[in-house]
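Peer 1: The following file, input-v1.cif, comprises mmCIF, C-alpha atoms:
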```cif
data_model
#
loop_
_atom_site.label_atom_id
_atom_site.label_comp_id
_atom_site.auth_asym_id
_atom_site.auth_seq_id
_atom_site.Cartn_x
_atom_site.Cartn_y
_atom_site.Cartn_z
CA MET A 1 68.09 250.68 -45.75
CA LEU A 2 66.21 251.80 -48.87
CA TYR A 3 66.91 250.19 -52.23
CA ASP A 4 66.19 251.60 -55.69
CA LYS A 5 62.94 249.61 -55.95
CA ASP A 6 61.76 251.10 -52.63
CA ILE A 7 62.37 254.65 -53.82
CA ARG A 8 60.84 254.82 -57.30
CA GLU A 9 57.07 254.78 -56.77
CA PRO A 10 57.12 257.12 -53.74
CA LEU A 11 59.50 259.39 -55.70
CA PHE A 12 57.05 259.65 -58.59
CA GLU A 13 54.30 260.69 -56.18
CA TYR A 14 56.63 263.26 -54.62
CA LEU A 15 57.54 264.72 -58.03
CA GLU A 16 53.90 264.94 -59.12
CA SER A 17 52.89 266.73 -55.93
CA ASN A 18 55.80 269.19 -56.08
CA PHE A 19 56.22 269.89 -59.81
CA GLY A 20 52.63 269.81 -61.06
CA LYS A 21 52.02 268.59 -64.61
CA ILE A 22 54.80 266.12 -65.46
CA ARG A 23 55.41 262.98 -67.52
CA ILE A 24 57.73 260.32 -66.12
CA ILE A 25 59.87 258.17 -68.42
CA GLU A 26 62.06 255.49 -66.82
CA GLU A 27 65.40 254.06 -67.91
CA LYS A 28 66.16 256.39 -70.83
CA GLN A 29 69.38 255.72 -72.75
CA MET A 30 71.62 258.81 -72.99
CA GLY A 31 75.07 258.48 -74.47
CA LYS A 32 76.95 255.69 -72.69
CA SER A 33 74.73 255.87 -69.60
CA ARG A 34 71.09 255.35 -68.76
CA ALA A 35 69.00 257.94 -66.93
CA ASP A 36 67.05 256.40 -64.06
CA VAL A 37 64.18 258.86 -64.47
CA VAL A 38 63.34 261.53 -67.03
CA MET A 39 60.81 264.12 -65.90
CA VAL A 40 59.14 265.98 -68.75
CA ARG A 41 57.63 269.38 -68.02
CA ASP A 42 56.21 272.02 -70.36
CA GLY A 43 59.29 273.33 -72.18
CA SER A 44 61.97 271.48 -70.20
CA ILE A 45 63.35 268.00 -69.60
CA THR A 46 64.87 266.98 -66.25
CA GLY A 47 67.16 264.03 -65.62
CA ILE A 48 67.07 262.27 -62.25
CA GLU A 49 69.74 259.89 -60.98
CA ILE A 50 68.90 257.65 -58.00
CA LYS A 51 71.64 256.63 -55.59
CA SER A 52 70.12 254.41 -52.95
CA ASP A 53 71.87 253.40 -49.75
CA ALA A 54 73.05 250.27 -51.56
CA ASP A 55 74.72 252.24 -54.39
CA THR A 56 78.22 253.67 -54.66
CA TYR A 57 79.65 256.68 -56.53
CA GLN A 58 81.74 254.46 -58.80
CA ARG A 59 79.92 255.34 -62.06
CA LEU A 60 78.65 258.77 -61.03
CA GLU A 61 81.32 260.86 -62.76
CA ARG A 62 80.56 259.27 -66.14
CA GLN A 63 76.81 259.54 -65.53
CA ILE A 64 77.04 263.23 -64.66
CA GLN A 65 78.74 263.93 -68.00
CA ASP A 66 75.90 262.24 -69.90
CA TYR A 67 73.15 263.89 -67.85
CA ASN A 68 74.74 267.29 -68.48
CA ARG A 69 74.76 266.63 -72.24
CA HIS A 70 71.04 265.87 -72.43
CA PHE A 71 68.89 267.56 -69.78
CA ASP A 72 67.88 271.14 -68.97
CA PHE A 73 67.88 270.40 -65.25
CA ASN A 74 69.31 267.52 -63.22
CA TYR A 75 68.62 266.06 -59.78
CA VAL A 76 70.23 263.33 -57.75
CA VAL A 77 68.06 261.45 -55.26
CA VAL A 78 70.14 259.91 -52.48
CA GLY A 79 69.60 257.65 -49.50
CA SER A 80 70.49 258.91 -46.03
CA SER A 81 73.92 257.24 -46.13
CA HIS A 82 74.94 259.63 -48.96
CA ALA A 83 73.24 262.79 -47.71
CA MET A 84 76.24 264.26 -45.89
CA HIS A 85 78.66 264.05 -48.83
CA ILE A 86 76.62 264.17 -52.04
CA GLU A 87 77.27 267.90 -52.57
CA GLU A 88 80.95 267.07 -53.06
CA HIS A 89 80.15 264.72 -55.94
CA VAL A 90 77.72 266.66 -58.17
CA PRO A 91 77.98 270.07 -59.91
CA ASP A 92 76.59 273.03 -58.01
CA TRP A 93 73.73 273.47 -60.50
CA TRP A 94 72.38 269.98 -59.78
CA GLY A 95 69.44 269.68 -57.42
CA ILE A 96 69.62 267.26 -54.47
CA ILE A 97 66.74 265.32 -52.93
CA THR A 98 67.36 263.09 -49.93
CA VAL A 99 65.19 260.12 -49.00
CA ASP A 100 64.71 258.31 -45.68
CA GLU A 101 62.51 255.44 -44.61
CA GLY A 102 59.00 256.58 -43.74
CA ASP A 103 57.86 256.82 -40.12
CA ASP A 104 54.68 254.82 -40.59
CA ALA A 105 52.98 252.30 -42.87
CA LYS A 106 51.32 255.04 -44.96
CA GLU A 107 54.62 256.64 -45.94
CA SER A 108 57.23 254.15 -47.17
CA ALA A 109 59.73 256.95 -47.88
CA ASP A 110 60.21 260.56 -46.82
CA PHE A 111 61.74 263.07 -49.25
CA TYR A 112 63.51 266.31 -48.47
CA LEU A 113 64.57 268.89 -51.04
CA LEU A 114 68.13 269.73 -50.00
CA ARG A 115 68.88 271.93 -53.03
CA ASN A 116 66.88 273.16 -56.02
CA ALA A 117 68.30 272.49 -59.48
CA LYS A 118 69.50 275.41 -61.59
CA GLU A 119 69.44 275.48 -65.38
CA ASN A 120 72.20 273.48 -67.03
CA PRO A 121 74.85 276.03 -68.19
CA THR A 122 75.16 274.33 -71.60
CA VAL A 123 71.41 274.28 -72.31
CA HIS A 124 71.61 276.71 -75.25
CA HIS A 125 74.60 275.09 -76.91
CA VAL A 126 73.82 273.81 -80.40
CA TYR A 127 75.03 270.26 -79.69
CA PHE A 128 72.97 270.07 -76.49
CA ARG A 129 69.78 271.00 -78.37
CA LYS A 130 70.51 268.49 -81.13
CA ARG A 131 70.81 265.73 -78.54
CA GLN A 132 67.35 266.54 -77.22
CA ILE A 133 65.62 266.40 -80.60
CA ALA A 134 67.19 262.94 -80.99
CA PHE A 135 64.91 261.76 -78.14
CA LEU A 136 61.95 261.83 -80.54
CA TRP A 137 60.73 258.90 -82.57
CA ARG A 138 60.40 259.21 -86.33
CA MET A 139 56.61 259.67 -86.27
CA GLU A 140 56.97 262.39 -83.62
CA LEU A 141 59.41 264.23 -85.87
CA ALA A 142 56.91 263.80 -88.73
CA HIS A 143 54.23 265.48 -86.62
CA ILE A 144 56.47 268.50 -86.04
CA GLN A 145 57.16 268.63 -89.80
CA GLU A 146 53.42 268.65 -90.36
CA LEU A 147 52.88 271.46 -87.84
CA HIS A 148 55.35 273.63 -89.77
CA GLU A 149 54.10 272.54 -93.21
CA MET A 150 57.45 271.03 -94.16
CA PRO A 151 57.87 268.48 -96.97
CA LYS A 152 57.81 264.85 -95.75
CA TYR A 153 61.13 263.89 -97.38
CA SER A 154 60.17 260.22 -97.50
CA GLY A 155 63.22 258.02 -97.71
CA LYS A 156 65.51 260.50 -95.96
CA SER A 157 67.31 259.46 -92.77
CA LYS A 158 66.11 260.32 -89.29
CA LYS A 159 69.17 262.52 -88.79
CA PHE A 160 68.35 264.44 -91.98
CA ILE A 161 64.87 265.18 -90.62
CA GLN A 162 66.25 266.16 -87.20
CA ASP A 163 68.69 268.61 -88.78
CA LEU A 164 65.97 270.03 -91.04
CA ILE A 165 63.64 270.70 -88.12
CA PHE A 166 66.50 272.07 -86.05
CA GLU A 167 67.36 274.61 -88.78
CA LYS A 168 63.80 275.68 -89.53
CA VAL A 169 62.10 275.90 -86.12
CA PRO A 170 63.08 278.59 -83.55
CA GLU A 171 64.65 277.24 -80.35
CA ASP A 172 61.88 278.25 -77.93
CA ILE A 173 59.12 276.84 -80.14
CA LEU A 174 61.00 273.62 -80.83
CA LYS A 175 61.70 272.97 -77.15
CA ARG A 176 58.00 273.24 -76.35
CA GLN A 177 57.07 270.97 -79.25
CA ILE A 178 59.63 268.35 -78.18
CA THR A 179 58.12 268.20 -74.69
CA ASP A 180 54.61 268.18 -76.17
CA GLU A 181 55.51 265.07 -78.19
CA LEU A 182 56.99 263.37 -75.11
CA PHE A 183 53.83 264.14 -73.13
CA GLU A 184 51.69 262.51 -75.84
CA ARG A 185 53.89 259.43 -76.28
CA ASP A 186 51.98 256.19 -75.71
CA TYR A 187 54.14 253.12 -75.19
CA ASN A 188 51.09 250.84 -75.34
CA THR A 189 50.35 251.68 -78.97
CA ILE A 190 53.88 252.19 -80.28
CA ALA A 191 53.99 249.00 -82.37
CA ASP A 192 50.79 249.95 -84.23
CA ARG A 193 51.96 253.52 -84.72
CA ILE A 194 55.30 252.43 -86.15
CA THR A 195 53.52 250.13 -88.61
CA GLU A 196 51.11 252.89 -89.66
CA TYR A 197 53.96 255.35 -90.09
CA ARG A 198 56.02 252.98 -92.22
CA GLU A 199 53.07 252.16 -94.44
CA ALA A 200 52.25 255.83 -94.93
CA HIS A 201 55.82 257.04 -95.55
CA SER A 202 57.60 254.18 -97.27
CA PRO A 203 58.40 255.01 -100.90
CA LYS A 204 56.16 253.22 -103.40
CA LYS A 205 57.97 250.63 -105.40
CA LYS A 206 57.70 251.23 -109.10
CA ARG A 207 56.85 248.29 -111.25
CA ARG A 208 59.30 247.64 -114.01
CA LYS A 209 57.78 247.57 -117.42
CA ARG A 210 58.45 244.29 -119.12
CA LYS A 211 59.38 244.29 -122.73
CA PRO A 212 56.87 242.36 -124.86
CA ARG A 213 58.07 238.93 -125.83
CA VAL A 214 58.64 238.37 -129.53
CA HIS A 215 57.78 234.92 -130.78
CA VAL A 216 59.69 233.90 -133.89
#
```
Starting from the file, give its structure as structure tokens.
Peer 2:
Amino acid sequence: MLYDKDIREPLFEYLESNFGKIRIIEEKQMGKSRADVVMVRDGSITGIEIKSDADTYQRLERQIQDYNRHFDFNYVVVGSSHAMHIEEHVPDWWGIITVDEGDDAKESADFYLLRNAKENPTVHHVYFRKRQIAFLWRMELAHIQELHEMPKYSGKSKKFIQDLIFEKVPEDILKRQITDELFERDYNTIADRITEYREAHSPKKKRRKRKPRVHV
């Protein structure tokens, strides 16, 4: 029996060898669910749900709704105990990858592509695209503003900046820039970057002029 922890690392190697240039992000919050794996490619974002042999379908319906709201393509990776029935539980545009225990010590897991993913039918809907731009951190949004020579709008909310970019940047260009930012994201330096961003963009506090004291 393969558990989630047995599947992840071999899965990442499988994805890299089959999809080329990718960036893997684990445990990404999306709506009321959490995506097990997010695979970033040039111009598209793929959600991947892992259902090991130890998992059930109890939460899958809710998870599918959230995956469909956020990702261009979706895959489910299932252990052999689910392989015969998984097609009944996911939409027909979802891709399916099955995983079995490897035959030797070199291969801890074997993967088989049962079905390729098709593009999410709602990918061009306005609300879908707004959910994807919400993946970006504030400094990543600021970089896109800079690329398009937009005003900084210091002091404005993150949602205000998201809506501004969404209105000003064409869909195909914005999608590529979102994935570019996710490719460049560095979790090791995030604390320093947040501090630098806040120092550079926080509004300067104006000193109040004190009235001169009058001594009688």
Peer 1: In Å, rounded to a single decimal, give me how far CA of Glu13 (chain A) is from CA of Thr122 (chain A).
Peer 2: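 So the answer is 29.3 Å.
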Peer 1: Evaluate the PyMOL selection byres ((chain A and resi 36) around 12) against this structure - the residues, as a CSV table (one decimal) with C-alpha atoms, in the coordinates of the input, please.
Peer 2:
```
chain,number,residue,atom,x,y,z
A,4,ASP,CA,66.2,251.6,-55.7
A,5,LYS,CA,62.9,249.6,-56.0
A,7,ILE,CA,62.4,254.6,-53.8
A,8,ARG,CA,60.8,254.8,-57.3
A,11,LEU,CA,59.5,259.4,-55.7
A,12,PHE,CA,57.0,259.6,-58.6
A,24,ILE,CA,57.7,260.3,-66.1
A,25,ILE,CA,59.9,258.2,-68.4
A,26,GLU,CA,62.1,255.5,-66.8
A,27,GLU,CA,65.4,254.1,-67.9
A,28,LYS,CA,66.2,256.4,-70.8
A,29,GLN,CA,69.4,255.7,-72.8
A,30,MET,CA,71.6,258.8,-73.0
A,33,SER,CA,74.7,255.9,-69.6
A,34,ARG,CA,71.1,255.4,-68.8
A,35,ALA,CA,69.0,257.9,-66.9
A,37,VAL,CA,64.2,258.9,-64.5
A,38,VAL,CA,63.3,261.5,-67.0
A,39,MET,CA,60.8,264.1,-65.9
A,46,THR,CA,64.9,267.0,-66.2
A,47,GLY,CA,67.2,264.0,-65.6
A,48,ILE,CA,67.1,262.3,-62.2
A,49,GLU,CA,69.7,259.9,-61.0
A,50,ILE,CA,68.9,257.6,-58.0
A,51,LYS,CA,71.6,256.6,-55.6
A,52,SER,CA,70.1,254.4,-53.0
A,63,GLN,CA,76.8,259.5,-65.5
A,67,TYR,CA,73.2,263.9,-67.8
A,74,ASN,CA,69.3,267.5,-63.2
A,75,TYR,CA,68.6,266.1,-59.8
A,76,VAL,CA,70.2,263.3,-57.8
A,77,VAL,CA,68.1,261.4,-55.3
```
Peer 1: Here is a test: counting all atoms listed in the file, which residue of A:Glu149, A:Phe71, A:Ile144, A:Thr98 is nearest to Met84 (chain A)?
Peer 2: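 Closest candidate: A:Thr98.
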Peer 1: Apply the PyMOL selection byres ((chain A and resi 183) around 12) to the file shown and report the selected residues as a list in words.
Peer 2: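 That selection, the PyMOL selection byres ((chain A and resi 183) around 12), comes back as Lys21, Ile22, Arg23, Ile24, Ile25, Val38, Met39, Val40, Arg41, Asp42, Gly43, Ser44, Ile45, Leu136, Glu140, Arg176, Gln177, Ile178, Thr179, Asp180, Glu181, Leu182, Glu184, Arg185, Asp186 and Tyr187 of chain A.
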Peer 1: Please provide the set of residues having any atom within 9 Å of Val90 (chain A), restricted to all atoms listed in the file, with same-chain residues fewer than 6 positions apart removed, written as an NGL selection string.
Peer 2: :A and (60-61 or 64 or 76 or 96)
Peer 1: Got time to write the residues from that selection, C-alpha atoms, as a short mmCIF file (atom, residue, chain, number, x, y, z; two decimals), in the frame of the given file?
Peer 2:
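Dumped everything to out.cif:
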```cif
data_model
loop_
_atom_site.label_atom_id
_atom_site.label_comp_id
_atom_site.auth_asym_id
_atom_site.auth_seq_id
_atom_site.Cartn_x
_atom_site.Cartn_y
_atom_site.Cartn_z
CA LEU A 60 78.65 258.77 -61.03
CA GLU A 61 81.32 260.86 -62.76
CA ILE A 64 77.04 263.23 -64.66
CA VAL A 76 70.23 263.33 -57.75
CA ILE A 96 69.62 267.26 -54.47
#
```
Peer 1: Smallest atom-to-atom distance to Arg129 (chain A): which of A:Asp110, A:Asp92, A:Glu171, A:Asp103, using all atoms listed in the file?
Peer 2: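 Comparing A:Asp110, A:Asp92, A:Glu171, A:Asp103 against Arg129 (chain A), the winner is A:Glu171.
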Peer 1: Please determine, counting only C-alpha atoms, which residue among A:Lys130, A:Phe135, A:Glu87, A:Tyr57 has the shortest atom-to-atom distance to Ile165 (chain A).
Peer 2: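 Going through A:Lys130, A:Phe135, A:Glu87, A:Tyr57 one by one, the smallest distance to Ile165 (chain A) is for A:Lys130.
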Peer 1: Between A:Lys32, A:Lys159, A:Lys175, A:His124, which one has atoms that come closest to Trp137 (chain A), using all atoms listed in the file?
Peer 2: A:Lys159
Peer 1: Applying 12 Å and all atoms listed in the file, which residues near Asp163 (chain A) remain after dropping the ones on its own chain fewer than 2 positions away? List them as an NGL selection string.
Peer 2: :A and (126-127 or 129-134 or 141 or 145 or 156-161 or 165-169)
Peer 1: CA of Leu114 (chain A) and CA of Asp72 (chain A), how far apart in Å?
Peer 2: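 Atom-to-atom, CA of Asp72 (chain A) and CA of Leu114 (chain A) are spaced 19.0 Å apart.
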Peer 1: What does the structure give for the distance between CA of Arg62 (chain A) and CA of Glu16 (chain A), in Å to one decimal?
Peer 2: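 Straight-line distance from CA of Arg62 (chain A) to CA of Glu16 (chain A) works out to 28.1 Å.
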Peer 1: Rank A:Gln162, A:Ser154, A:Ser81, A:Asn68 by their smallest atom-to-atom distance to Phe128 (chain A), using all atoms listed in the file, and report the top residue only.
Peer 2: A:Asn68
